[in-house]
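> Contents are compact mmCIF, C-alpha atoms; file name input34.txt:
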```txt
# COMPACT_ATOMS: atom_id res chain seq x y z
CA MET B 610 -29.55 -3.13 -35.08
CA THR B 611 -27.97 -6.55 -35.53
CA ALA B 612 -27.20 -8.91 -32.70
CA ALA B 613 -23.51 -8.43 -33.38
CA ALA B 614 -23.85 -4.67 -33.00
CA VAL B 615 -25.31 -4.91 -29.50
CA LYS B 616 -22.91 -7.61 -28.34
CA ARG B 617 -20.83 -6.33 -25.46
CA HIS B 618 -17.64 -7.55 -23.93
CA ALA B 619 -18.06 -9.32 -20.62
CA PRO B 620 -16.87 -7.15 -17.72
CA ARG B 621 -13.26 -7.81 -16.83
CA LYS B 622 -13.02 -10.28 -14.00
CA LYS B 623 -11.65 -8.59 -10.87
CA PRO B 624 -8.56 -10.23 -9.39
CA VAL B 625 -9.13 -12.08 -6.12
CA TYR B 626 -6.52 -12.97 -3.53
CA ARG B 627 -7.37 -15.25 -0.58
CA GLY B 628 -11.05 -14.30 -0.87
CA VAL B 629 -10.36 -10.56 -1.09
CA THR B 630 -11.25 -8.66 -4.26
CA LEU B 631 -8.22 -6.58 -5.10
CA PRO B 632 -8.61 -2.90 -5.99
CA THR B 633 -8.78 -2.18 -9.69
CA ALA B 634 -7.87 1.48 -9.46
CA THR B 635 -4.30 2.37 -8.61
CA PRO B 636 -3.23 5.98 -8.49
CA GLY B 637 0.18 7.13 -9.51
CA ARG B 638 2.23 6.93 -12.65
CA THR B 639 3.99 3.87 -13.97
CA ARG B 640 7.17 3.70 -16.03
CA PHE B 641 6.11 0.45 -17.69
CA SER B 642 2.96 -0.49 -19.55
CA PRO B 643 0.44 -2.90 -17.97
CA ALA B 644 1.40 -5.51 -20.57
CA GLN B 645 5.10 -5.23 -19.72
CA LEU B 646 4.40 -5.55 -16.00
CA LYS B 647 2.04 -8.50 -16.53
CA LYS B 648 4.60 -10.35 -18.63
CA ALA B 649 7.39 -9.73 -16.11
CA VAL B 650 5.29 -10.98 -13.20
CA GLU B 651 3.98 -14.05 -14.99
CA THR B 652 7.47 -14.99 -16.15
CA ALA B 653 8.92 -14.56 -12.65
CA VAL B 654 6.16 -16.62 -11.02
CA ALA B 655 6.52 -19.38 -13.63
CA LYS B 656 10.30 -19.44 -13.16
CA ASN B 657 9.89 -19.80 -9.38
CA ALA B 658 6.79 -22.04 -9.44
CA GLY B 659 8.56 -24.96 -7.81
CA ALA B 660 10.00 -22.88 -5.00
CA LEU B 661 6.67 -21.16 -4.38
CA ALA B 662 4.83 -24.49 -4.19
CA ARG B 663 7.43 -25.91 -1.81
CA ALA B 664 7.16 -22.85 0.44
CA ASN B 665 3.76 -23.97 1.72
CA MET I 364 -10.44 1.72 -26.45
CA PRO I 365 -10.39 5.15 -24.74
CA ALA I 366 -8.31 5.56 -21.61
CA PRO I 367 -10.27 5.43 -18.33
CA SER I 368 -11.28 8.82 -17.05
CA PRO I 369 -9.67 10.10 -13.83
CA ALA I 370 -12.96 9.66 -11.99
CA ARG I 371 -13.00 5.96 -12.86
CA THR I 372 -9.42 5.36 -11.80
CA ARG I 373 -9.68 7.15 -8.46
CA PRO I 374 -10.12 4.56 -5.71
CA ALA I 375 -13.14 4.74 -3.40
CA ARG I 376 -12.56 6.77 -0.24
CA ALA I 377 -13.67 3.92 2.05
CA ARG I 378 -11.05 1.69 0.43
CA SER I 379 -8.17 4.19 0.32
CA VAL I 380 -5.40 4.29 2.92
CA PHE I 381 -3.16 7.33 3.17
CA ILE I 382 0.42 6.49 4.18
CA ASN I 383 2.57 9.08 5.92
CA CYS I 384 6.09 7.73 6.41
CA PRO I 385 9.73 8.25 5.42
CA PHE I 386 10.51 7.58 1.75
CA ASP I 387 14.23 6.95 2.18
CA ALA I 388 16.17 3.76 1.41
CA GLU I 389 16.44 2.77 5.06
CA TYR I 390 12.68 2.73 5.57
CA LYS I 391 11.84 1.33 2.11
CA PRO I 392 11.42 -2.35 3.15
CA LEU I 393 8.84 -1.31 5.76
CA PHE I 394 7.08 1.06 3.36
CA ARG I 395 6.87 -1.58 0.66
CA ALA I 396 5.63 -4.19 3.16
CA ALA I 397 2.94 -1.73 4.29
CA CYS I 398 1.80 -1.16 0.69
CA PHE I 399 1.84 -4.92 0.06
CA THR I 400 -0.38 -5.53 3.10
CA ILE I 401 -2.85 -2.78 2.20
CA LEU I 402 -3.23 -4.18 -1.33
CA ALA I 403 -3.53 -7.77 -0.04
CA CYS I 404 -6.39 -6.61 2.19
CA GLY I 405 -8.25 -5.13 -0.80
CA TYR I 406 -7.43 -1.48 -0.11
CA THR I 407 -5.47 1.06 -2.15
CA PRO I 408 -2.40 2.73 -0.63
CA ARG I 409 -2.05 6.46 -1.34
CA CYS I 410 0.97 8.60 -0.58
CA ALA I 411 2.99 11.56 -1.80
CA LEU I 412 4.80 9.29 -4.27
CA ASP I 413 1.55 9.18 -6.27
CA TYR I 414 2.40 12.76 -7.26
CA SER I 415 6.17 12.85 -7.20
CA ASP I 416 8.96 10.28 -7.37
CA SER I 417 10.79 12.13 -4.62
CA GLY I 418 7.75 12.43 -2.37
CA VAL I 419 8.14 16.21 -2.30
CA VAL I 420 4.60 17.51 -2.63
CA ARG I 421 2.87 20.73 -1.64
CA PHE I 422 1.12 20.54 1.72
CA ALA I 423 -2.24 21.49 0.15
CA GLU I 424 -2.00 18.44 -2.10
CA ILE I 425 -1.17 16.23 0.87
CA VAL I 426 -4.24 17.46 2.76
CA LYS I 427 -6.41 16.91 -0.33
CA MET I 428 -5.12 13.35 -0.59
CA ILE I 429 -5.82 12.75 3.12
CA THR I 430 -9.45 13.85 2.62
CA GLU I 431 -9.76 11.42 -0.30
CA CYS I 432 -8.79 8.53 1.99
CA GLY I 433 -11.05 7.17 4.73
CA LEU I 434 -8.13 5.58 6.55
CA SER I 435 -4.59 6.73 7.36
CA VAL I 436 -1.39 5.15 8.59
CA HIS I 437 1.16 7.53 10.12
CA ASP I 438 4.63 6.28 11.03
CA ILE I 439 6.31 8.62 13.50
CA SER I 440 9.33 6.38 14.07
CA ARG I 441 11.83 8.65 12.34
CA VAL I 442 12.89 10.72 15.33
CA GLN I 443 16.63 10.61 14.62
CA LEU I 444 18.46 13.61 13.25
CA ASP I 445 18.95 13.71 9.48
CA ARG I 446 22.42 12.36 8.66
CA ASP I 447 23.33 15.25 6.37
CA SER I 448 21.67 18.25 7.98
CA ARG I 449 21.91 17.00 11.61
CA LEU I 450 18.41 18.36 12.09
CA PRO I 451 15.11 16.55 12.81
CA ARG I 452 12.38 16.18 10.16
CA PHE I 453 8.92 17.47 11.05
CA ASN I 454 6.91 16.52 7.96
CA MET I 455 5.42 13.36 9.41
CA PRO I 456 4.15 14.89 12.67
CA LEU I 457 2.78 17.81 10.62
CA GLU I 458 0.74 15.49 8.36
CA LEU I 459 -0.44 13.49 11.37
CA GLY I 460 -1.59 16.75 12.96
CA ALA I 461 -3.50 17.74 9.82
CA ASP I 462 -5.22 14.35 9.77
CA LEU I 463 -6.17 14.52 13.45
CA GLY I 464 -7.46 18.06 12.94
CA LEU I 465 -9.74 16.82 10.15
CA ARG I 466 -11.07 14.04 12.36
CA LEU I 467 -11.66 16.29 15.35
CA ARG I 468 -12.90 19.52 13.73
CA GLY I 469 -13.11 18.90 10.01
CA PRO I 470 -16.25 18.61 7.86
CA ALA I 471 -18.80 16.02 9.01
CA ARG I 472 -17.67 13.65 6.25
CA GLN I 473 -14.18 13.53 7.78
CA ARG I 474 -15.23 12.78 11.36
CA ASP I 475 -15.32 9.03 10.75
CA ARG I 476 -11.67 8.87 9.77
CA ARG I 477 -9.73 5.82 10.96
CA ILE I 478 -6.13 6.55 11.94
CA LEU I 479 -3.32 4.14 12.86
CA ILE I 480 -0.13 5.58 14.31
CA LEU I 481 3.03 3.48 14.17
CA ASP I 482 6.31 3.84 15.99
CA THR I 483 9.37 1.64 16.44
CA GLU I 484 8.96 1.17 20.18
CA SER I 485 5.90 1.02 22.39
CA HIS I 486 5.27 4.22 24.35
CA ARG I 487 8.25 6.08 22.92
CA TYR I 488 5.67 8.64 21.85
CA ASP I 489 5.25 9.49 25.55
CA LYS I 490 8.55 11.33 25.14
CA THR I 491 8.27 12.58 21.56
CA LEU I 492 4.56 13.28 20.98
CA SER I 493 2.68 12.75 24.24
CA ASP I 494 -0.43 14.62 23.02
CA ILE I 495 -1.46 11.54 21.00
CA SER I 496 -1.84 9.32 24.07
CA GLY I 497 -5.06 7.29 23.97
CA MET I 498 -5.10 6.82 20.20
CA ASP I 499 -4.45 3.69 18.08
CA ILE I 500 -0.67 3.49 18.41
CA GLU I 501 1.26 0.32 17.64
CA ALA I 502 4.94 -0.61 17.56
CA HIS I 503 6.58 -2.39 14.63
CA GLY I 504 10.13 -2.71 15.90
CA ASP I 505 11.40 -1.84 12.40
CA GLU I 506 10.41 -5.38 11.31
CA THR I 507 8.41 -6.10 8.16
CA ARG I 508 6.49 -9.01 9.74
CA LYS I 509 5.33 -6.76 12.57
CA ILE I 510 4.28 -3.89 10.31
CA ILE I 511 2.32 -6.40 8.19
CA LYS I 512 0.55 -7.70 11.30
CA ARG I 513 -0.16 -4.25 12.75
CA ILE I 514 -1.68 -2.92 9.52
CA ARG I 515 -3.60 -6.11 8.66
CA ASP I 516 -5.09 -6.37 12.16
CA TRP I 517 -6.08 -2.69 12.13
CA LEU I 518 -7.70 -2.95 8.69
CA ASN I 519 -9.51 -6.09 9.79
CA ALA I 520 -10.83 -4.35 12.89
CA ASN I 521 -12.02 -1.40 10.77
CA ARG I 522 -13.32 -3.32 7.77
CA LEU I 523 -16.67 -2.40 6.27
CA PRO I 524 -19.77 -3.93 7.92
CA ASP I 525 -20.66 -7.40 6.62
CA SER I 526 -17.24 -7.70 4.99
CA PRO I 527 -15.51 -11.08 5.39
CA LEU I 528 -12.45 -11.46 7.59
CA LEU I 529 -9.25 -10.37 5.90
CA PRO I 530 -6.45 -12.87 5.18
CA GLY I 531 -4.36 -13.58 8.26
CA ALA I 532 -1.16 -11.70 8.94
CA ALA I 533 0.94 -14.89 8.79
CA ALA I 534 -0.44 -15.72 5.34
CA ILE I 535 0.22 -12.21 4.06
CA ALA I 536 3.73 -12.25 5.51
CA ALA I 537 4.43 -15.62 3.86
CA ASP I 538 3.20 -14.27 0.52
CA HIS I 539 5.33 -11.15 1.04
CA ASP I 540 8.33 -13.45 1.46
CA ALA I 541 7.28 -15.21 -1.75
CA TYR I 542 7.08 -11.88 -3.53
CA LEU I 543 10.59 -10.96 -2.34
CA ARG I 544 11.77 -14.27 -3.80
CA ILE I 545 10.41 -13.46 -7.28
CA ALA I 546 11.13 -9.71 -7.19
CA PRO I 547 14.69 -9.99 -8.62
CA ASP I 548 13.31 -11.87 -11.63
CA ILE I 549 10.59 -9.24 -12.13
CA ILE I 550 13.22 -6.49 -12.04
CA ALA I 551 15.44 -8.43 -14.44
CA GLY I 552 12.47 -9.03 -16.75
CA LEU I 553 11.90 -5.29 -16.94
CA ARG I 554 15.64 -4.69 -17.54
CA LEU I 555 15.89 -2.47 -14.50
CA ASP I 556 19.02 -1.94 -12.45
CA PRO I 557 18.62 -4.18 -9.36
CA HIS I 558 19.89 -1.34 -7.16
CA ASP I 559 17.16 1.00 -8.37
CA GLY I 560 14.30 -1.44 -8.04
CA LEU I 561 10.75 -0.85 -9.16
CA PRO I 562 9.36 2.68 -9.15
CA HIS I 563 6.49 3.09 -6.67
CA GLY I 564 3.62 3.11 -9.19
CA ASP I 565 4.96 0.05 -10.96
CA TYR I 566 5.42 -1.72 -7.62
CA LEU I 567 1.73 -1.32 -6.78
CA HIS I 568 0.67 -2.75 -10.14
CA VAL I 569 3.15 -5.61 -9.85
CA VAL I 570 1.92 -6.58 -6.39
CA LYS I 571 -1.69 -6.61 -7.57
CA LEU I 572 -0.70 -8.86 -10.46
CA ALA I 573 1.50 -11.10 -8.31
CA LEU I 574 -0.84 -11.75 -5.35
CA PRO I 575 -3.33 -14.06 -7.14
CA LEU I 576 -0.51 -15.80 -9.00
CA ILE I 577 1.46 -16.45 -5.81
CA GLU I 578 -1.67 -17.87 -4.18
CA ALA I 579 -2.30 -20.11 -7.21
CA ALA I 580 1.34 -21.27 -7.26
CA ARG I 581 1.04 -22.32 -3.62
CA ARG I 582 -2.01 -24.44 -4.43
CA ALA I 583 -0.36 -26.11 -7.43
```
Represent the structure of the file as structure tokens.

Amino acid sequence: MTAAAVKRHAPRKKPVYRGVTLPTATPGRTRFSPAQLKKAVETAVAKNAGALARAN
Amino acid sequence: MPAPSPARTRPARARSVFINCPFDAEYKPLFRAACFTILACGYTPRCALDYSDSGVVRFAEIVKMITECGLSVHDISRVQLDRDSRLPRFNMPLELGADLGLRLRGPARQRDRRILILDTESHRYDKTLSDISGMDIEAHGDETRKIIKRIRDWLNANRLPDSPLLPGAAAIAADHDAYLRIAPDIIAGLRLDPHDGLPHGDYLHVVKLALPLIEAARRA
């Protein structure tokens, strides 16, 4: 077996918020795909970055 | 890549919080704030909306879900008559009763259940449900900041041994305010009608995605 064949992906880094590891499993159905939700959140946070930083 | 199996996506019992509350528009800000807090504390909220968009679920499924959660939050504040039927709703006291029955006389595994009971006013339960006197009962005054504090403080008091302190209630409330600020843009980005808002399952995913980003934006 070649080295490339046994190469594995690194485990996905779990999201952390204020020192708390957030749950990875979420029950229930979603209407949107994870990629759609991720893009919508990232765009919204970027759009409001200034206001969020000033809210400290 | 194959889809995760159901066993892998089911949250751990010790980290699952069953929520028993109204699912109507009037209560929605409190319900969403409760879910936000539970996620921010590293737990997974579970409720009837996991099964059905309307929250109408067979009682056997509700009881099964309760047993899959080590912690429960029951809000018994809805004591008013239903606007349309002019009759009271008994679903929430029924589910609270099932949960208490499990803790008192259920299988050994269920005897360690942690249960928080919420109401609008302190000691109103003396008139509506006096049998629960002596349990963990807190008032939220129908305010999101208070429900965030009540649930965060209760989760912190019942956190797993050797677990670090949870984020403070003020910090979670501030980040909840930040989420409400960006929520309209998230809804617009998904081309949803602002009046409909995010479906429950999508909301949970969005909050999990947003929490670390909101924290990072504050540090920037």
> Pick out the closest residue to Arg376 (chain I) from this set: I:Leu523, I:Met498, I:Val420, I:Ala403. Count all atoms listed in the file.
I:Leu523
> From the options I:Asp565, I:Asp489, I:Glu424, I:Asp559, which residue's atoms come nearest to Ala388 (chain I), counting only C-alpha atoms?
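Among the listed residues, the smallest separation from Ala388 (chain I) belongs to I:Asp559.
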> Near region 635-645 of chain B, within 8 Å and counting all atoms listed in the file, which residues show up once chain neighbours fewer than 3 positions away are dropped, as a short mmCIF file (atom, residue, chain, number, x, y, z; two decimals) with C-alpha atoms, in the frame of the given file?

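Done, and the output landed in result_1.cif:
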```cif
data_model
loop_
_atom_site.label_atom_id
_atom_site.label_comp_id
_atom_site.auth_asym_id
_atom_site.auth_seq_id
_atom_site.Cartn_x
_atom_site.Cartn_y
_atom_site.Cartn_z
CA PRO B 632 -8.61 -2.90 -5.99
CA LYS B 648 4.60 -10.35 -18.63
CA ALA B 649 7.39 -9.73 -16.11
CA THR I 372 -9.42 5.36 -11.80
CA ARG I 373 -9.68 7.15 -8.46
CA PRO I 374 -10.12 4.56 -5.71
CA THR I 407 -5.47 1.06 -2.15
CA ARG I 409 -2.05 6.46 -1.34
CA LEU I 412 4.80 9.29 -4.27
CA ASP I 413 1.55 9.18 -6.27
CA TYR I 414 2.40 12.76 -7.26
CA LEU I 553 11.90 -5.29 -16.94
CA PRO I 562 9.36 2.68 -9.15
CA HIS I 563 6.49 3.09 -6.67
CA GLY I 564 3.62 3.11 -9.19
CA ASP I 565 4.96 0.05 -10.96
CA LEU I 567 1.73 -1.32 -6.78
CA HIS I 568 0.67 -2.75 -10.14
#
```
> Please determine, counting only C-alpha atoms, which residue among I:Leu479, I:Leu467, I:Leu402, I:Ile510 has the shortest atom-to-atom distance to Leu529 (chain I).
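Closest to Leu529 (chain I), using only C-alpha atoms: I:Leu402.
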> Could you name the residues that touch Arg421 (chain I) at 12 Å or less, counting all atoms listed in the file, but leaving out those on the same chain fewer than 6 positions away, as number ranges by chain?
I: 411-412, 414-415, 427-428, 454, 458
> Would you compute the distance between CA of Leu457 (chain I) and CA of Ile401 (chain I)? Give it in Å to one decimal.
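According to the coordinates, CA of Leu457 (chain I) and CA of Ile401 (chain I) are separated by 22.9 Å.
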> May I have the residues within 12 Å of Thr430 (chain I) as a PyMOL selection string, using all atoms listed in the file and disregarding those fewer than 6 positions away in the same chain?
chain I and resi 375-377+379-381+409+423-424+458+461-466+469-477
> For a quick check of understanding, using all atoms listed in the file, which of I:Ala580, I:Leu561, I:Ile439, I:Leu444 has the smallest distance to Ile480 (chain I)?
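Looking at the shortest contact to Ile480 (chain I), the residue is I:Ile439.
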> Hey, can you check how far CA of Ala660 (chain B) sits from CA of Ile577 (chain I)?
10.7 Å
> Which distance in Å separates CA of Asn383 (chain I) and CA of Tyr542 (chain I), to one decimal?
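Taking CA of Asn383 (chain I) and CA of Tyr542 (chain I), their separation equals 23.4 Å.
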> Which residue, I:Ala534, I:Pro575, I:His503, I:Asp494, has the smallest gap to Thr630 (chain B) when you use all atoms listed in the file?
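That would be I:Pro575, the residue with the smallest distance to Thr630 (chain B).
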> Which residues are near Val569 (chain I)? Cut-off 7 Å, only C-alpha atoms, ignore same chain within fewer than 3 positions. Put them as a list in words.
Leu646 and Val650 of chain B; Asp565, Tyr566, Leu572 and Ala573 of chain I
> I need the residue nearest Thr633 (chain B) from this list: B:Asn657, B:Arg663, B:Arg621, B:Thr652. Use all atoms listed in the file for the distance.
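Residue with the minimum atom-to-atom distance to Thr633 (chain B): B:Arg621.
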